[in-house]
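Have a look at input-v5.txt below; it lists compact mmCIF, C-alpha atoms.
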# COMPACT_ATOMS: atom_id res chain seq x y z
CA MET A 227 17.32 -3.33 -44.74
CA GLY A 228 19.05 -6.61 -43.98
CA ALA A 229 17.68 -10.02 -44.85
CA GLY A 230 18.08 -12.66 -42.17
CA LEU A 231 18.76 -16.37 -42.40
CA ILE A 232 15.18 -17.02 -41.27
CA GLY A 233 12.27 -14.94 -40.06
CA ILE A 234 9.09 -15.10 -38.01
CA ASP A 235 5.63 -15.80 -39.35
CA TRP A 236 3.67 -13.57 -36.99
CA GLU A 237 0.36 -15.28 -37.76
CA LYS A 238 1.70 -18.71 -36.81
CA LEU A 239 4.15 -17.38 -34.21
CA ASP A 240 6.84 -19.66 -35.58
CA TYR A 241 10.07 -19.36 -37.55
CA VAL A 242 10.04 -19.74 -41.33
CA ALA A 243 12.51 -19.64 -44.18
CA ASP A 244 10.88 -17.95 -47.14
CA PRO A 245 13.28 -17.86 -50.10
CA ARG A 246 11.70 -14.60 -51.26
CA MET A 247 12.79 -12.86 -48.04
CA HIS A 248 15.39 -14.93 -46.19
CA MET A 249 18.89 -16.20 -46.90
CA ALA A 250 18.33 -19.84 -45.88
CA THR A 251 16.61 -22.27 -48.23
CA ALA A 252 14.66 -23.80 -45.32
CA LEU A 253 14.66 -23.99 -41.55
CA PRO A 254 17.96 -25.43 -40.33
CA ALA A 255 18.73 -29.08 -39.76
CA ILE A 256 18.92 -29.51 -35.98
CA SER A 257 21.24 -32.15 -34.52
CA ASN A 258 23.61 -32.91 -31.64
CA GLY A 259 20.91 -33.05 -28.98
CA ASN A 260 19.19 -29.93 -30.36
CA ARG A 261 22.39 -27.89 -29.98
CA THR A 262 23.63 -27.68 -33.59
CA TYR A 263 21.74 -25.72 -36.25
CA THR A 264 22.87 -26.07 -39.87
CA PHE A 265 21.47 -23.57 -42.35
CA THR A 266 21.79 -23.99 -46.12
CA LEU A 267 22.21 -20.70 -47.98
CA ARG A 268 20.26 -19.85 -51.11
CA ASP A 269 22.07 -19.57 -54.41
CA ASN A 270 23.09 -16.18 -55.80
CA LEU A 271 22.85 -14.12 -52.61
CA LYS A 272 24.09 -10.59 -53.31
CA TRP A 273 24.81 -7.40 -51.43
CA SER A 274 23.01 -4.26 -52.57
CA ASP A 275 26.21 -3.26 -54.43
CA GLY A 276 25.96 -6.43 -56.54
CA LYS A 277 28.86 -8.30 -54.93
CA PRO A 278 28.13 -11.87 -53.80
CA ILE A 279 27.38 -12.59 -50.15
CA ALA A 280 29.96 -15.17 -49.14
CA ALA A 281 30.45 -17.50 -46.19
CA ASP A 282 33.35 -15.24 -45.25
CA ASP A 283 30.87 -12.39 -44.65
CA PHE A 284 29.06 -14.52 -42.05
CA ASN A 285 32.35 -15.52 -40.40
CA TYR A 286 33.48 -11.89 -40.35
CA ALA A 287 30.22 -10.84 -38.66
CA TRP A 288 30.64 -13.56 -36.02
CA GLU A 289 34.29 -12.64 -35.39
CA GLN A 290 33.35 -9.00 -34.88
CA ALA A 291 30.22 -9.68 -32.81
CA SER A 292 32.10 -12.02 -30.49
CA LYS A 293 34.85 -9.51 -29.68
CA ARG A 294 34.01 -8.13 -26.26
CA GLU A 295 35.74 -4.82 -27.09
CA ASN A 296 33.24 -4.23 -29.92
CA ASN A 297 30.50 -3.98 -27.28
CA TRP A 298 27.83 -5.61 -29.44
CA VAL A 299 24.46 -5.03 -27.77
CA SER A 300 23.51 -8.73 -27.95
CA PHE A 301 26.85 -10.01 -26.66
CA GLY A 302 25.46 -11.53 -23.48
CA THR A 303 22.18 -12.85 -24.82
CA VAL A 304 23.42 -14.22 -28.13
CA VAL A 305 27.19 -14.55 -28.30
CA GLY A 306 27.43 -15.90 -24.78
CA ARG A 307 25.16 -18.81 -25.69
CA ILE A 308 27.05 -19.86 -28.84
CA GLU A 309 29.79 -22.48 -28.51
CA SER A 310 30.91 -22.35 -32.15
CA PHE A 311 30.00 -20.61 -35.38
CA LYS A 312 31.23 -21.59 -38.83
CA ALA A 313 30.18 -20.63 -42.32
CA ASP A 314 31.65 -22.60 -45.19
CA GLY A 315 30.53 -22.62 -48.80
CA LYS A 316 26.74 -22.87 -48.72
CA THR A 317 26.26 -23.68 -45.03
CA VAL A 318 26.19 -21.79 -41.75
CA THR A 319 26.56 -24.04 -38.69
CA VAL A 320 25.89 -22.76 -35.20
CA THR A 321 26.41 -24.91 -32.10
CA LEU A 322 24.92 -23.68 -28.86
CA LYS A 323 26.53 -24.25 -25.47
CA GLU A 324 23.38 -25.88 -24.13
CA THR A 325 20.10 -27.30 -25.33
CA LEU A 326 17.39 -24.66 -25.47
CA SER A 327 13.75 -24.66 -26.53
CA ARG A 328 13.28 -24.88 -30.30
CA LEU A 329 12.11 -21.26 -30.61
CA LEU A 330 14.89 -19.83 -28.46
CA GLY A 331 17.49 -21.98 -30.21
CA LEU A 332 16.29 -20.80 -33.63
CA ALA A 333 16.27 -17.19 -32.44
CA ILE A 334 19.88 -17.36 -31.25
CA ALA A 335 21.25 -19.54 -34.06
CA GLY A 336 19.61 -17.38 -36.71
CA SER A 337 20.61 -14.05 -35.24
CA ILE A 338 24.11 -13.71 -36.72
CA GLY A 339 23.66 -12.33 -40.21
CA PRO A 340 26.43 -11.40 -42.61
CA LEU A 341 28.32 -8.12 -42.70
CA PRO A 342 29.85 -6.93 -45.97
CA LYS A 343 33.49 -7.57 -45.12
CA HIS A 344 34.58 -5.67 -48.24
CA VAL A 345 32.93 -2.55 -46.76
CA TRP A 346 33.43 -2.97 -42.99
CA GLU A 347 36.91 -4.47 -42.69
CA GLY A 348 39.22 -2.22 -40.69
CA LYS A 349 36.45 0.14 -39.58
CA SER A 350 35.40 0.93 -36.02
CA TRP A 351 32.35 -0.70 -34.44
CA LEU A 352 32.13 2.05 -31.85
CA ASP A 353 32.94 5.37 -33.51
CA ALA A 354 30.34 6.67 -35.99
CA ALA A 355 32.64 9.53 -37.00
CA ALA A 356 35.32 7.03 -38.04
CA ASN A 357 32.79 4.60 -39.53
CA PRO A 358 29.74 6.26 -41.12
CA GLU A 359 28.43 2.75 -41.94
CA LEU A 360 27.21 2.55 -38.33
CA LEU A 361 24.50 5.15 -38.92
CA LYS A 362 24.07 5.02 -42.68
CA PRO A 363 24.95 1.66 -44.21
CA THR A 364 25.78 1.90 -47.89
CA VAL A 365 25.69 -1.84 -48.56
CA VAL A 366 22.98 -4.10 -47.13
CA SER A 367 21.65 -7.62 -47.69
CA GLY A 368 17.97 -6.76 -47.95
CA PRO A 369 15.83 -4.99 -50.50
CA TYR A 370 16.00 -1.54 -48.89
CA VAL A 371 18.92 0.87 -48.56
CA PRO A 372 18.44 3.66 -46.01
CA GLY A 373 18.28 7.19 -47.34
CA ASN A 374 19.01 9.16 -44.18
CA LEU A 375 19.26 7.91 -40.62
CA GLY A 376 20.43 10.19 -37.84
CA ALA A 377 21.61 9.23 -34.37
CA GLU A 378 18.33 10.46 -32.88
CA GLN A 379 16.30 8.15 -35.19
CA HIS A 380 16.65 4.70 -33.69
If you convert what's in this file into structure tokens, what do you get?
Amino acid sequence: MGAGLIGIDWEKLDYVADPRMHMATALPAISNGNRTYTFTLRDNLKWSDGKPIAADDFNYAWEQASKRENNWVSFGTVVGRIESFKADGKTVTVTLKETLSRLLGLAIAGSIGPLPKHVWEGKSWLDAAANPELLKPTVVSGPYVPGNLGAEQH
């Protein structure tokens, strides 16, 4: 349903950036002692409702994911390892708190995808009754929009 910045080539067991499937034009530039990952976004990224995917959508996702009260499932494994996150224009830059192996660094740096701020802003991350987007997203970044997804289907 949602396209990621990068993905895994399961035959090679390595990360790839395929412009047909992923949001980044290539694997990120890695700098700062293998702690900073800079992704360049493809041109003309769009949500399933036709609106452009903007850097602000990545920043919004990071802001929400990093709020402890939102109880994001990957808070400890992902958010806790990120020192800073910034999306601006055509780049997403993630700096990790410590140097990690290349594969683990790519996994963490590439794990924060965008959320459609124009859809999610002001909605609960915890209450599916107040925010139906939790169980049935209406706007996604990938090629598929879910038809029906119940709480028991996870």
Using all atoms listed in the file, which residue out of A:Asp269, A:Glu324, A:Asp283, A:Asp275 lies closest to Thr364 of chain A?
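The shortest atom-to-atom distance to Thr364 of chain A comes from A:Asp275.
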Atom CA of Ala287 of chain A to atom CA of Val320 of chain A measures 13.1 Å
*asked:* So that I can check the surroundings of segment 338-349 of chain A, please list as a count of residues only every protein, DNA and RNA residue that reaches within 10 Å of it, counting all atoms listed in the file and ignoring chain neighbours fewer than 5 positions away.
replied: 41
re atom CA of Leu329 of chain A and atom CA of Asn258 of chain A: distance 16.4 Å
Show me as an MDAnalysis selection string the residues that reach within 12 Å of (21.0, -23.7, -46.6), counting all atoms listed in the file and using the file's own coordinates. chainID A and resid 231:232 243:245 248:255 263:269 271 281 313:319 336
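For the atom pair formed by atom CA of Thr321 of chain A and atom CA of Lys272 of chain A, the distance is 25.7 Å, given to one decimal.
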Find the smallest box with edges along x, y and z containing every listed atom of segment 339-348 of chain A, then add 6 Å on each side and report centre and edge lengths in Å to one decimal, as JSON.
{"center_x": 31.4, "center_y": -7.3, "center_z": -44.2, "size_x": 27.6, "size_y": 22.1, "size_z": 20.0}
Spatial sel., origin (24.8, -23.4, -26.6), limit 9 Å, all atoms listed in the file, listed as a short mmCIF file (atom, residue, chain, number, x, y, z; two decimals) with C-alpha atoms, in the coordinates of the input:
data_model
loop_
_atom_site.label_atom_id
_atom_site.label_comp_id
_atom_site.auth_asym_id
_atom_site.auth_seq_id
_atom_site.Cartn_x
_atom_site.Cartn_y
_atom_site.Cartn_z
CA ARG A 261 22.39 -27.89 -29.98
CA THR A 262 23.63 -27.68 -33.59
CA GLY A 306 27.43 -15.90 -24.78
CA ARG A 307 25.16 -18.81 -25.69
CA ILE A 308 27.05 -19.86 -28.84
CA GLU A 309 29.79 -22.48 -28.51
CA SER A 310 30.91 -22.35 -32.15
CA VAL A 320 25.89 -22.76 -35.20
CA THR A 321 26.41 -24.91 -32.10
CA LEU A 322 24.92 -23.68 -28.86
CA LYS A 323 26.53 -24.25 -25.47
CA GLU A 324 23.38 -25.88 -24.13
CA THR A 325 20.10 -27.30 -25.33
CA LEU A 326 17.39 -24.66 -25.47
CA GLY A 331 17.49 -21.98 -30.21
#
